[in-house]
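Q: Structure incoming, see below.
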Amino acid sequence: MHNTAVKKTNSFALRLNRTFVYIVCVFLALLSIMPFWIMFVNATRSTPEIQSGISLLPSGHLMRNLEVLVGKSFDPITGFINSFTVSAGTTICAIYFSSLTAYALVVYNWRFRQPFFTFIVLIMLIPAQASAVGFYQFMYKIGWTNSFLPLILPAIASPAIVFFMRQYLLGALHYEIVESARVDGSGEFATFNRIILPIMAPALATQSIFVFVGSWNNLFMPLILLTQKEKYTLPIMVNLLRGDIYKTEYGSIYLGLSLTALPLFVIYFLLSRYIIEGVALGSVKE
Amino acid sequence: MRRRSISYSRYGFLFCLPFILAFLVFSLYPILYTAFIGFTDLKGVATKEFHVLDDPFENFKNLLFDNDLFRNSLLNTAIIWIINFIPQLGIALLLTAWFTNRRLKIRGQGGFKILFYMPNMITAGTIAVLFSSLFAYPMGPVNSLYQMLGWSDEPINFLLDKWTARGIVSFIQYWMWYGHTMLILIAGVMGINPTLYEAAEIDGANGWQQFTKITLPSLRTIMLYILITSMIGGLQMFDIPLLFQNGGPDNATYTASMFIYAQAFKGQYLYNRAAAASMILFVIAAVLSAILFYLLRDRDAARLKREERRIRKAAAKGGVMNA
């Protein structure tokens, strides 16, 4: 008798706890959704509508907002193409060369292997701001400002990605594969390109997402290096939305914001499973 | 079988070469160059000639002892980071405890994780401008909400108050990162040996006891990792305060990175002062990283190594004595 009573109160407390947890989680979920929801909805509303209060349902002024937005120096297509060029270039450089470096650290037993790895771990946390002034002066001297190259090429040395790729290779690579490729007469570089890269495909995919999004969202370096309007990436263009040009055109401001965020939402909802897994993977092993 | 003796080791160096070159050209040289500029009089656009100052440390002294704006920006950076980090870790730990609790069995975790992490993927600048629009005065969504709920009759100009502005920047930072922190902590809990929990359950430990006696101690390393990476990320805080209110109101959200940017790339183009400021920031980041490596070092491995050395030493001594 006594036992069942205890059990009952226990299960009641458990249910109460669970309800509380769900309430908090739903609240936090709404907190994640609402700002973006309002942003997308307001992108379709006129300024008077926006000033009259919050609405959760879209209105019909999308096209007019777009006209105003594009009519005043905000050029989402150019921004998109520029951002895409920089992010794609960065991703290819970072992923390919980090894999190559990681492979060299795992497979070959060369003299400075261990010191080099320690060195990579050490430079992982250097902030971009530490070298910004010197970097800018250097690029200015060789005439590379307003070029995408100084935003892309430094990604060849991406210590954090090398670290991740090395971790992955240590688990996924069997040395016999490399050996048998050698017996078949494959050169070392060809072995890497034709046999090792496909083995690393899952790691390449996950890291590509993070590198691409990270580069897409980067503001500091592009803001310093790119001064010509036609070279602006999307995050720099966001800055235009704050200025006096769009002062009371609230609908257009929200539309501009929505356009910069939309590609990221598409990527996120297509790949969220891998992204969520990737965040966990990238951290635990360190 | 002579082929077996071919040495492949040179490929190791060869394959690392692109990394090494890119690092030397795009990282190491700019850092050294920045450090050098910090000791010079380089300022103004397109200045060709510049010299080391008579007192090489003038820029550094000026920043550390006479420059209120710089000191203020460091202080703001620290304040905003702390207000964001404490609730961030707190909420992330709470959610981790709930999601990994074996009795609660929370459903829909996948969906919650996706939504909690979502803000992290969106451009920080976009989010900053979005929040500054949401808090617009006299009519904006937050003001509308306040009036709908009857919290205030008059519209409030949120962005004029220093602490409100700092609070909002901290909130954005918290909101963008707590999902990330939670995912890392949950992954950490998944790595804890499940037999520990089984044993605790048999011994009659409740959920709270299991969390404080097993989960928290096991997560110590991961929490330190989160702490330091978040600190170094916080030191670089730039996009959000810049696009939120451009450091305002009254420089309340003016951060150290904004200081560097504004000194070097706006107004008087004081490259030398900006360079000195970046070096100070770099030293702060390096000290924090050093603390990280010291705290995260593999203690058991280090102890084993020490023991081994002692034994070897003892053996060597013994050997000498025997001889």
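Ordered as shown in the structure tokens, chains take letters A, B, and onward, while each chain numbers its residues from 1 and ligands are numbered from 1 in the order shown.
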Could I get the residues of chain B with an atom no further than 6 Å from an atom of chain A, each paired with its nearest atom pair and that distance in Å to one decimal, using only C-alpha atoms, sorted by chain and residue number, as a Markdown table?
A:
```
| residue | atom | partner | partner_atom | distance |
| --- | --- | --- | --- | --- |
| B:Ser9 | CA | A:Trp110 | CA | 4.8 |
| B:Gly12 | CA | A:Ala104 | CA | 4.5 |
| B:Phe15 | CA | A:Ala104 | CA | 5.8 |
| B:Cys16 | CA | A:Thr101 | CA | 4.8 |
| B:Phe19 | CA | A:Ala157 | CA | 4.6 |
| B:Ala22 | CA | A:Ala157 | CA | 5.6 |
| B:Phe23 | CA | A:Ala157 | CA | 5.5 |
| B:Phe26 | CA | A:Pro154 | CA | 5.6 |
| B:Pro30 | CA | A:Gly134 | CA | 4.5 |
| B:Ile31 | CA | A:Ser131 | CA | 4.4 |
| B:Tyr33 | CA | A:Gly134 | CA | 5.0 |
| B:Thr34 | CA | A:Gly134 | CA | 4.2 |
| B:Leu115 | CA | A:Ala29 | CA | 5.8 |
| B:Thr123 | CA | A:Asn217 | CA | 4.8 |
| B:Thr126 | CA | A:Leu257 | CA | 5.7 |
| B:Met139 | CA | A:Gln51 | CA | 5.4 |
| B:Pro141 | CA | A:Ile54 | CA | 5.5 |
| B:Ser144 | CA | A:Gly53 | CA | 5.4 |
| B:Leu183 | CA | A:Ala280 | CA | 5.8 |
| B:Ile184 | CA | A:Ala280 | CA | 5.1 |
| B:Ala187 | CA | A:Ala280 | CA | 5.4 |
| B:Ala275 | CA | A:Val133 | CA | 5.9 |
| B:Ser278 | CA | A:Ala130 | CA | 4.9 |
| B:Phe282 | CA | A:Ala130 | CA | 5.4 |
```
Q: With only C-alpha atoms as the counted atoms, please give the residues lying no more than 8 Å from A:Leu69, apart from itself and same-chain residues fewer than 4 positions off, as a PyMOL selection string.
A: chain A and resi 65+73-74+252-253+255-256
Q: Take the residues just selected and output them with N, CA, C and O atoms as an mmCIF file, in the first residue's frame.
A:
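Output below, filename out.cif:
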```
data_model
loop_
_atom_site.group_PDB
_atom_site.id
_atom_site.type_symbol
_atom_site.label_atom_id
_atom_site.label_comp_id
_atom_site.auth_asym_id
_atom_site.auth_seq_id
_atom_site.Cartn_x
_atom_site.Cartn_y
_atom_site.Cartn_z
ATOM 1 N N ASN A 65 7.953 46.925 -51.565
ATOM 2 C CA ASN A 65 9.148 46.980 -50.725
ATOM 3 C C ASN A 65 10.393 46.655 -51.523
ATOM 4 O O ASN A 65 11.446 47.267 -51.341
ATOM 5 N N SER A 73 20.368 51.686 -53.941
ATOM 6 C CA SER A 73 21.741 51.216 -53.705
ATOM 7 C C SER A 73 21.868 49.819 -53.081
ATOM 8 O O SER A 73 22.970 49.291 -53.006
ATOM 9 N N PHE A 74 20.815 49.204 -52.635
ATOM 10 C CA PHE A 74 20.943 47.840 -52.112
ATOM 11 C C PHE A 74 20.767 46.874 -53.276
ATOM 12 O O PHE A 74 19.712 46.835 -53.897
ATOM 13 N N SER A 252 11.104 47.824 -46.425
ATOM 14 C CA SER A 252 12.271 47.524 -47.256
ATOM 15 C C SER A 252 13.446 47.057 -46.406
ATOM 16 O O SER A 252 14.203 46.172 -46.809
ATOM 17 N N ILE A 253 13.599 47.667 -45.222
ATOM 18 C CA ILE A 253 14.686 47.224 -44.341
ATOM 19 C C ILE A 253 14.491 45.753 -43.968
ATOM 20 O O ILE A 253 15.405 44.943 -44.088
ATOM 21 N N LEU A 255 12.812 43.574 -45.578
ATOM 22 C CA LEU A 255 12.993 42.742 -46.764
ATOM 23 C C LEU A 255 14.477 42.528 -47.044
ATOM 24 O O LEU A 255 14.900 41.401 -47.346
ATOM 25 N N GLY A 256 15.279 43.593 -46.925
ATOM 26 C CA GLY A 256 16.719 43.449 -47.130
ATOM 27 C C GLY A 256 17.309 42.444 -46.158
ATOM 28 O O GLY A 256 18.089 41.568 -46.540
#
```
Q: Which parts of stretch 262-305 of chain B does DSSP call helix (DSSP H, G or I) when run on the backbone here, written out as a PyMOL selection string?
A: chain B and resi 262-265+271-296+299-305
Q: Can you tell me which residues surround B:Pro87 at a distance of at most 10 Å, considering only C-alpha atoms, apart from same-chain residues fewer than 3 positions away, and format the answer as a ChimeraX atom specification?
A: /B:82-84,90-93,170-171,174-175,178
Q: Write out, as a PDB file, in the first residue's frame, the residues just selected, with N, CA and C atoms.
A:
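Just written: selection_11.pdb:
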```
ATOM      1  N   ILE B  82      30.387  38.956 -20.041  1.00  0.00           N
ATOM      2  CA  ILE B  82      29.970  38.310 -18.787  1.00  0.00           C
ATOM      3  C   ILE B  82      28.449  38.217 -18.705  1.00  0.00           C
ATOM      4  N   ILE B  83      27.748  39.306 -19.048  1.00  0.00           N
ATOM      5  CA  ILE B  83      26.276  39.260 -18.962  1.00  0.00           C
ATOM      6  C   ILE B  83      25.722  38.208 -19.913  1.00  0.00           C
ATOM      7  N   ASN B  84      26.430  37.935 -21.015  1.00  0.00           N
ATOM      8  CA  ASN B  84      25.937  36.916 -21.934  1.00  0.00           C
ATOM      9  C   ASN B  84      26.322  35.521 -21.472  1.00  0.00           C
ATOM     10  N   GLY B  90      24.311  28.662 -17.955  1.00  0.00           N
ATOM     11  CA  GLY B  90      23.274  28.199 -17.041  1.00  0.00           C
ATOM     12  C   GLY B  90      22.142  27.497 -17.771  1.00  0.00           C
ATOM     13  N   ILE B  91      21.580  28.180 -18.782  1.00  0.00           N
ATOM     14  CA  ILE B  91      20.469  27.598 -19.541  1.00  0.00           C
ATOM     15  C   ILE B  91      20.929  26.342 -20.274  1.00  0.00           C
ATOM     16  N   ALA B  92      22.130  26.394 -20.855  1.00  0.00           N
ATOM     17  CA  ALA B  92      22.627  25.241 -21.603  1.00  0.00           C
ATOM     18  C   ALA B  92      22.770  24.035 -20.667  1.00  0.00           C
ATOM     19  N   LEU B  93      23.273  24.264 -19.446  1.00  0.00           N
ATOM     20  CA  LEU B  93      23.413  23.164 -18.482  1.00  0.00           C
ATOM     21  C   LEU B  93      22.048  22.611 -18.087  1.00  0.00           C
ATOM     22  N   SER B 170      24.125  41.782 -25.208  1.00  0.00           N
ATOM     23  CA  SER B 170      24.430  40.535 -24.492  1.00  0.00           C
ATOM     24  C   SER B 170      23.385  39.480 -24.802  1.00  0.00           C
ATOM     25  N   PHE B 171      22.112  39.911 -24.837  1.00  0.00           N
ATOM     26  CA  PHE B 171      21.046  38.953 -25.105  1.00  0.00           C
ATOM     27  C   PHE B 171      21.220  38.338 -26.489  1.00  0.00           C
ATOM     28  N   TYR B 174      23.909  35.836 -26.262  1.00  0.00           N
ATOM     29  CA  TYR B 174      23.426  34.668 -25.543  1.00  0.00           C
ATOM     30  C   TYR B 174      22.518  33.833 -26.435  1.00  0.00           C
ATOM     31  N   TRP B 175      21.608  34.525 -27.098  1.00  0.00           N
ATOM     32  CA  TRP B 175      20.580  33.869 -27.904  1.00  0.00           C
ATOM     33  C   TRP B 175      21.194  33.130 -29.085  1.00  0.00           C
ATOM     34  N   TYR B 178      23.591  29.904 -26.987  1.00  0.00           N
ATOM     35  CA  TYR B 178      23.274  28.901 -25.963  1.00  0.00           C
ATOM     36  C   TYR B 178      22.981  27.535 -26.576  1.00  0.00           C
TER      37      TYR B 178
END
```
Q: Using only C-alpha atoms, can you tell me which of B:Thr47, B:Leu63, B:Met121, B:Leu270 comes closest to A:Phe212?
A: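 Ranking B:Thr47, B:Leu63, B:Met121, B:Leu270 by distance to A:Phe212, first place goes to B:Met121.
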Q: Looking at A:Arg182, A:Arg45, A:Arg194, A:Lys231, which one is nearest to A:Leu57, with distances taken over only C-alpha atoms?
A: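 For A:Leu57, the nearest of the given residues is A:Arg45.
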